[in-house]
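Enquirer: Take a look at data.pdb, PDB, C-alpha atoms, pLDDT in the B column:
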ATOM      1  CA  MET A  10     110.874 102.572 218.048  1.00 93.00           C
ATOM      2  CA  SER A  11     114.121 104.003 219.417  1.00 95.00           C
ATOM      3  CA  VAL A  12     115.367 107.551 218.818  1.00 95.00           C
ATOM      4  CA  ALA A  13     118.845 109.051 218.925  1.00 95.00           C
ATOM      5  CA  TYR A  14     120.363 112.440 218.121  1.00 94.00           C
ATOM      6  CA  LEU A  15     123.770 113.431 216.810  1.00 93.00           C
ATOM      7  CA  GLN A  16     125.256 116.901 216.436  1.00 92.00           C
ATOM      8  CA  THR A  17     126.717 117.253 212.935  1.00 94.00           C
ATOM      9  CA  PRO A  18     128.227 120.149 210.973  1.00 94.00           C
ATOM     10  CA  LEU A  19     124.834 120.467 209.240  1.00 94.00           C
ATOM     11  CA  GLY A  20     122.584 120.455 212.294  1.00 92.00           C
ATOM     12  CA  ILE A  21     121.237 117.785 214.595  1.00 92.00           C
ATOM     13  CA  ALA A  22     120.687 114.391 212.994  1.00 94.00           C
ATOM     14  CA  TYR A  23     117.567 112.589 214.217  1.00 94.00           C
ATOM     15  CA  VAL A  24     117.782 108.787 213.932  1.00 96.00           C
ATOM     16  CA  GLU A  25     114.836 106.448 214.419  1.00 97.00           C
ATOM     17  CA  GLY A  26     114.781 102.672 214.193  1.00 97.00           C
ATOM     18  CA  ASP A  27     114.744  99.364 215.986  1.00 96.00           C
ATOM     19  CA  THR A  28     116.107  95.836 215.618  1.00 94.00           C
ATOM     20  CA  ASP A  29     114.414  95.641 212.179  1.00 96.00           C
ATOM     21  CA  GLY A  30     116.600  98.496 210.943  1.00 97.00           C
ATOM     22  CA  ILE A  31     116.882 102.245 210.557  1.00 98.00           C
ATOM     23  CA  GLN A  32     113.629 103.826 209.398  1.00 98.00           C
ATOM     24  CA  VAL A  33     114.433 107.523 209.583  1.00 97.00           C
ATOM     25  CA  VAL A  34     117.474 109.745 209.521  1.00 97.00           C
ATOM     26  CA  SER A  35     116.663 113.416 209.174  1.00 95.00           C
ATOM     27  CA  ILE A  36     118.364 116.690 209.942  1.00 92.00           C
ATOM     28  CA  LYS A  37     116.956 119.362 212.202  1.00 82.00           C
ATOM     29  CA  ASP A  38     117.890 122.986 212.762  1.00 77.00           C
ATOM     30  CA  SER A  39     116.173 123.105 216.131  1.00 67.00           C
ATOM     31  CA  THR A  40     118.333 123.723 219.157  1.00 58.00           C
ATOM     32  CA  SER A  41     115.598 122.204 221.308  1.00 59.00           C
ATOM     33  CA  LEU A  42     116.803 118.744 220.274  1.00 57.00           C
ATOM     34  CA  HIS A  43     119.542 117.471 222.508  1.00 59.00           C
ATOM     35  CA  SER A  44     122.438 115.529 221.064  1.00 54.00           C
ATOM     36  CA  ASN A  45     123.355 114.405 224.604  1.00 67.00           C
ATOM     37  CA  HIS A  46     120.225 112.227 224.746  1.00 75.00           C
ATOM     38  CA  PRO A  47     121.248 108.608 225.626  1.00 87.00           C
ATOM     39  CA  ILE A  48     121.852 106.468 222.539  1.00 93.00           C
ATOM     40  CA  PRO A  49     119.762 103.283 222.461  1.00 95.00           C
ATOM     41  CA  GLU A  50     121.774 100.121 221.837  1.00 95.00           C
ATOM     42  CA  ASP A  51     120.011  99.314 218.560  1.00 95.00           C
ATOM     43  CA  LEU A  52     120.923 102.762 217.151  1.00 97.00           C
ATOM     44  CA  ALA A  53     124.528 102.851 218.369  1.00 97.00           C
ATOM     45  CA  PRO A  54     125.956 101.500 215.073  1.00 97.00           C
ATOM     46  CA  ALA A  55     124.126 104.207 213.092  1.00 98.00           C
ATOM     47  CA  ILE A  56     125.383 106.982 215.379  1.00 97.00           C
ATOM     48  CA  GLU A  57     128.896 105.540 215.248  1.00 98.00           C
ATOM     49  CA  GLN A  58     128.893 105.317 211.441  1.00 98.00           C
ATOM     50  CA  LEU A  59     127.436 108.803 211.002  1.00 98.00           C
ATOM     51  CA  THR A  60     130.128 110.136 213.348  1.00 97.00           C
ATOM     52  CA  ASP A  61     132.789 108.331 211.299  1.00 97.00           C
ATOM     53  CA  TYR A  62     131.347 109.835 208.097  1.00 97.00           C
ATOM     54  CA  PHE A  63     131.573 113.389 209.421  1.00 96.00           C
ATOM     55  CA  ASN A  64     135.081 112.704 210.753  1.00 95.00           C
ATOM     56  CA  GLY A  65     136.180 111.687 207.240  1.00 94.00           C
ATOM     57  CA  GLN A  66     136.634 108.042 208.250  1.00 95.00           C
ATOM     58  CA  ARG A  67     133.710 106.432 206.388  1.00 96.00           C
ATOM     59  CA  THR A  68     132.548 106.506 202.785  1.00 96.00           C
ATOM     60  CA  VAL A  69     130.149 103.527 202.885  1.00 96.00           C
ATOM     61  CA  PHE A  70     127.502 102.725 205.485  1.00 98.00           C
ATOM     62  CA  ASP A  71     126.944  99.162 206.677  1.00 97.00           C
ATOM     63  CA  LEU A  72     123.600  99.275 208.460  1.00 98.00           C
ATOM     64  CA  LEU A  73     120.332  97.396 208.363  1.00 97.00           C
ATOM     65  CA  LEU A  74     117.881  99.785 206.709  1.00 98.00           C
ATOM     66  CA  ASN A  75     114.091  99.582 206.892  1.00 97.00           C
ATOM     67  CA  PRO A  76     112.725 102.600 205.003  1.00 97.00           C
ATOM     68  CA  GLN A  77     108.954 102.792 204.776  1.00 97.00           C
ATOM     69  CA  GLY A  78     107.487 103.623 201.384  1.00 97.00           C
ATOM     70  CA  THR A  79     105.857 102.283 198.246  1.00 97.00           C
ATOM     71  CA  ASP A  80     107.482  99.552 196.181  1.00 97.00           C
ATOM     72  CA  PHE A  81     108.466 102.154 193.566  1.00 97.00           C
ATOM     73  CA  GLN A  82     110.032 104.434 196.186  1.00 97.00           C
ATOM     74  CA  LYS A  83     111.984 101.504 197.602  1.00 98.00           C
ATOM     75  CA  ARG A  84     113.303 100.670 194.105  1.00 97.00           C
ATOM     76  CA  VAL A  85     114.493 104.263 193.713  1.00 97.00           C
ATOM     77  CA  TRP A  86     116.110 104.250 197.159  1.00 97.00           C
ATOM     78  CA  GLN A  87     117.868 100.949 196.360  1.00 97.00           C
ATOM     79  CA  GLU A  88     119.269 102.543 193.216  1.00 97.00           C
ATOM     80  CA  LEU A  89     120.445 105.571 195.219  1.00 97.00           C
ATOM     81  CA  LEU A  90     122.531 103.228 197.368  1.00 97.00           C
ATOM     82  CA  LYS A  91     124.551 102.370 194.236  1.00 97.00           C
ATOM     83  CA  VAL A  92     125.748 105.951 193.684  1.00 96.00           C
ATOM     84  CA  PRO A  93     129.307 105.965 195.048  1.00 96.00           C
ATOM     85  CA  TYR A  94     130.693 108.403 197.584  1.00 97.00           C
ATOM     86  CA  GLY A  95     132.085 111.496 195.882  1.00 95.00           C
ATOM     87  CA  ARG A  96     130.059 110.967 192.690  1.00 95.00           C
ATOM     88  CA  THR A  97     126.840 112.489 191.423  1.00 96.00           C
ATOM     89  CA  VAL A  98     124.304 111.357 188.840  1.00 95.00           C
ATOM     90  CA  SER A  99     121.395 113.181 187.305  1.00 96.00           C
ATOM     91  CA  TYR A 100     117.727 112.474 187.859  1.00 95.00           C
ATOM     92  CA  LEU A 101     117.609 111.432 184.200  1.00 95.00           C
ATOM     93  CA  ASP A 102     120.478 108.970 184.698  1.00 96.00           C
ATOM     94  CA  LEU A 103     118.712 107.562 187.725  1.00 96.00           C
ATOM     95  CA  SER A 104     115.490 107.166 185.715  1.00 96.00           C
ATOM     96  CA  ARG A 105     117.398 105.339 182.983  1.00 96.00           C
ATOM     97  CA  ARG A 106     119.008 103.030 185.532  1.00 96.00           C
ATOM     98  CA  LEU A 107     115.507 102.159 186.704  1.00 95.00           C
ATOM     99  CA  GLY A 108     114.497 101.357 183.127  1.00 95.00           C
ATOM    100  CA  ASP A 109     112.249 104.289 182.224  1.00 94.00           C
ATOM    101  CA  GLU A 110     113.634 107.725 181.465  1.00 91.00           C
ATOM    102  CA  LYS A 111     110.065 109.038 181.162  1.00 94.00           C
ATOM    103  CA  ALA A 112     109.615 108.364 184.887  1.00 94.00           C
ATOM    104  CA  ILE A 113     111.975 111.211 185.749  1.00 94.00           C
ATOM    105  CA  ARG A 114     109.355 113.175 187.720  1.00 94.00           C
ATOM    106  CA  ALA A 115     108.282 110.097 189.681  1.00 95.00           C
ATOM    107  CA  VAL A 116     111.933 109.276 190.376  1.00 95.00           C
ATOM    108  CA  ALA A 117     112.558 112.846 191.554  1.00 93.00           C
ATOM    109  CA  ALA A 118     109.486 112.669 193.809  1.00 94.00           C
ATOM    110  CA  ALA A 119     110.623 109.346 195.302  1.00 96.00           C
ATOM    111  CA  ASN A 120     114.095 110.793 195.814  1.00 94.00           C
ATOM    112  CA  GLY A 121     112.515 113.684 197.710  1.00 93.00           C
ATOM    113  CA  LYS A 122     110.616 111.271 199.968  1.00 95.00           C
ATOM    114  CA  ASN A 123     113.769 109.413 201.020  1.00 96.00           C
ATOM    115  CA  PRO A 124     113.345 108.946 204.790  1.00 97.00           C
ATOM    116  CA  ILE A 125     116.967 108.034 205.500  1.00 97.00           C
ATOM    117  CA  TRP A 126     118.989 111.204 204.943  1.00 93.00           C
ATOM    118  CA  LEU A 127     122.645 110.816 204.021  1.00 95.00           C
ATOM    119  CA  ILE A 128     122.809 107.025 204.417  1.00 97.00           C
ATOM    120  CA  ILE A 129     120.584 106.624 201.348  1.00 98.00           C
ATOM    121  CA  PRO A 130     122.469 109.319 199.421  1.00 96.00           C
ATOM    122  CA  CYS A 131     119.746 111.360 197.729  1.00 95.00           C
ATOM    123  CA  HIS A 132     122.064 114.373 197.956  1.00 95.00           C
ATOM    124  CA  ARG A 133     124.152 112.848 195.137  1.00 96.00           C
ATOM    125  CA  ILE A 134     121.387 113.376 192.572  1.00 96.00           C
ATOM    126  CA  ILE A 135     121.591 116.574 190.530  1.00 94.00           C
ATOM    127  CA  GLY A 136     119.957 118.169 187.514  1.00 91.00           C
ATOM    128  CA  THR A 137     120.930 117.007 184.016  1.00 89.00           C
ATOM    129  CA  ASP A 138     122.717 120.335 183.508  1.00 88.00           C
ATOM    130  CA  GLY A 139     124.751 119.803 186.700  1.00 87.00           C
ATOM    131  CA  SER A 140     122.641 122.173 188.774  1.00 88.00           C
ATOM    132  CA  LEU A 141     121.625 121.559 192.336  1.00 89.00           C
ATOM    133  CA  THR A 142     117.917 120.933 192.489  1.00 86.00           C
ATOM    134  CA  GLY A 143     115.556 120.207 195.355  1.00 79.00           C
ATOM    135  CA  TYR A 144     116.750 118.772 198.629  1.00 82.00           C
ATOM    136  CA  ALA A 145     114.550 118.259 201.672  1.00 78.00           C
ATOM    137  CA  GLY A 146     117.383 119.313 203.979  1.00 82.00           C
ATOM    138  CA  GLY A 147     117.966 122.543 202.053  1.00 85.00           C
ATOM    139  CA  LEU A 148     120.155 123.183 199.025  1.00 91.00           C
ATOM    140  CA  TRP A 149     122.954 124.573 201.187  1.00 92.00           C
ATOM    141  CA  ARG A 150     123.246 121.160 202.885  1.00 94.00           C
ATOM    142  CA  LYS A 151     123.218 119.357 199.539  1.00 94.00           C
ATOM    143  CA  LYS A 152     126.006 121.634 198.301  1.00 94.00           C
ATOM    144  CA  TRP A 153     127.979 121.086 201.516  1.00 95.00           C
ATOM    145  CA  LEU A 154     127.661 117.279 201.280  1.00 96.00           C
ATOM    146  CA  ILE A 155     128.662 117.131 197.605  1.00 95.00           C
ATOM    147  CA  GLU A 156     131.687 119.358 198.221  1.00 95.00           C
ATOM    148  CA  TYR A 157     132.635 117.399 201.359  1.00 96.00           C
ATOM    149  CA  GLU A 158     132.518 114.111 199.472  1.00 96.00           C
ATOM    150  CA  LYS A 159     134.493 115.484 196.534  1.00 92.00           C
ATOM    151  CA  GLY A 160     137.457 116.147 198.781  1.00 87.00           C
ATOM    152  CA  GLY A 161     136.715 118.978 201.084  1.00 62.00           C
ATOM    153  CA  LEU A 162     135.200 122.359 201.275  1.00 53.00           C
ATOM    154  CA  GLN A 163     138.191 124.388 200.065  1.00 45.00           C
ATOM    155  CA  GLY A 164     136.499 125.705 196.930  1.00 43.00           C
ATOM    156  CA  SER A 165     132.983 125.982 195.699  1.00 43.00           C
ATOM    157  CA  LEU A 166     131.767 123.647 192.956  1.00 43.00           C
ATOM    158  CA  PHE A 167     128.561 125.552 192.267  1.00 40.00           C
TER     159      PHE A 167
END
Translate this structure into structure tokens?
Expert:
Amino acid sequence: MSVAYLQTPLGIAYVEGDTDGIQVVSIKDSTSLHSNHPIPEDLAPAIEQLTDYFNGQRTVFDLLLNPQGTDFQKRVWQELLKVPYGRTVSYLDLSRRLGDEKAIRAVAAANGKNPIWLIIPCHRIIGTDGSLTGYAGGLWRKKWLIEYEKGGLQGSLF
């Protein structure tokens, strides 16, 4: 498994994967991680596309993904990939899209276990009342990403 790091406005992105696809993208606060670590060839497209995203030049990722999880989690993550850049949907909407609105807690749990931060856009899922709820990277990052995708950080949405 190869590893790469990228400095972003939200911290250092940690990317892990191989020729079978990206398995992990997470965000770290730690300054002990070095973004000048050499980028393995099989992770170069991910680093390039993440860089483009943060430079405002990419709204859709085109990468081979290989998230590890249960079949249910993978179904939820596949549905997350359908939420367009700059849009949000509620956990209830996501549950309905998956065919069972009563599975809202299971859907929320699967969303929280998403191993591929940003690329599988779990940050685009909000509470039914429009509130920001749970985000593994911290609610301040979720807020930042939603505002960034809605056209900038000039004003606060929440």
Enquirer: Run the PyMOL selection byres ((chain A and resi 71-83) around 9) on the file and write out the hits as a ChimeraX atom specification.
Expert: /A:26,28-33,54-55,58,69-70,84-88,115-116,118-120,122-125,128
Enquirer: Within 10 Å of Arg67 in chain A, counting all atoms listed in the file, which residues show up once you throw out same-chain ones fewer than 5 positions away? Write them as an MDAnalysis selection string, please.
Expert: chainID A and resid 58:62 94
Enquirer: Next, the residues of the selection above should be written as a compact mmCIF listing (two decimals), in the frame of the given file with C-alpha atoms.
Expert:
# COMPACT_ATOMS: atom_id res chain seq x y z
CA GLN A 58 128.89 105.32 211.44
CA LEU A 59 127.44 108.80 211.00
CA THR A 60 130.13 110.14 213.35
CA ASP A 61 132.79 108.33 211.30
CA TYR A 62 131.35 109.84 208.10
CA TYR A 94 130.69 108.40 197.58
Enquirer: Taking the file as shown, what set of residues would the PyMOL selection byres ((chain A and resi 11) around 8) give back, as an MDAnalysis selection string?
Expert: chainID A and resid 10 12:13 25:27 49 51:52
Enquirer: Apply the PyMOL selection byres ((chain A and resi 37) around 7) to the file shown and report the selected residues as a list of chain:residue names.
Expert: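 Selected by the PyMOL selection byres ((chain A and resi 37) around 7) in this file: A:Gly20, A:Ile21, A:Ala22, A:Ser35, A:Ile36, A:Asp38, A:Ser39.
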Enquirer: What separation in Å, quoted to one decimal, exists between CA of Lys151 in chain A and CA of Trp126 in chain A?
Expert: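 Separating CA of Lys151 in chain A from CA of Trp126 in chain A is a distance of 10.7 Å.
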Enquirer: Contacts of Arg96 in chain A at 10 Å or less, counting only C-alpha atoms, minus same-chain residues fewer than 2 places along, as a PDB file with C-alpha atoms, keeping the file's coordinate frame?
Expert:
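Resulting contents of out_29.pdb:
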ATOM      1  CA  VAL A  92     125.748 105.951 193.684  1.00 96.00           C
ATOM      2  CA  PRO A  93     129.307 105.965 195.048  1.00 96.00           C
ATOM      3  CA  TYR A  94     130.693 108.403 197.584  1.00 97.00           C
ATOM      4  CA  VAL A  98     124.304 111.357 188.840  1.00 95.00           C
ATOM      5  CA  ARG A 133     124.152 112.848 195.137  1.00 96.00           C
ATOM      6  CA  ILE A 134     121.387 113.376 192.572  1.00 96.00           C
ATOM      7  CA  ILE A 155     128.662 117.131 197.605  1.00 95.00           C
ATOM      8  CA  GLU A 158     132.518 114.111 199.472  1.00 96.00           C
ATOM      9  CA  LYS A 159     134.493 115.484 196.534  1.00 92.00           C
TER      10      LYS A 159
END
Enquirer: Would you mind listing what lies within 8 Å of Ile135 in chain A as a PyMOL selection string, with all atoms listed in the file counted and same-chain residues fewer than 2 positions away left out?
Expert: chain A and resi 97-100+132-133+137+139-142
Enquirer: Between A:Pro130, A:Gln16, A:Gly95, A:Gly136, which is the closest to Ile113 in chain A once you count only C-alpha atoms?
Expert: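 Checking each candidate against Ile113 in chain A, we get A:Gly136 as the closest.
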Enquirer: What is the distance, in Å and to one decimal place, between CA of Glu156 in chain A and CA of Glu110 in chain A?
Expert: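 Taking CA of Glu156 in chain A as the start and CA of Glu110 in chain A as the end point, the length is 27.2 Å.
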Enquirer: Take CA of Gly108 in chain A and CA of Leu89 in chain A and report the distance between them in Å, one decimal.
Expert: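 These atoms are spaced 14.1 Å apart.
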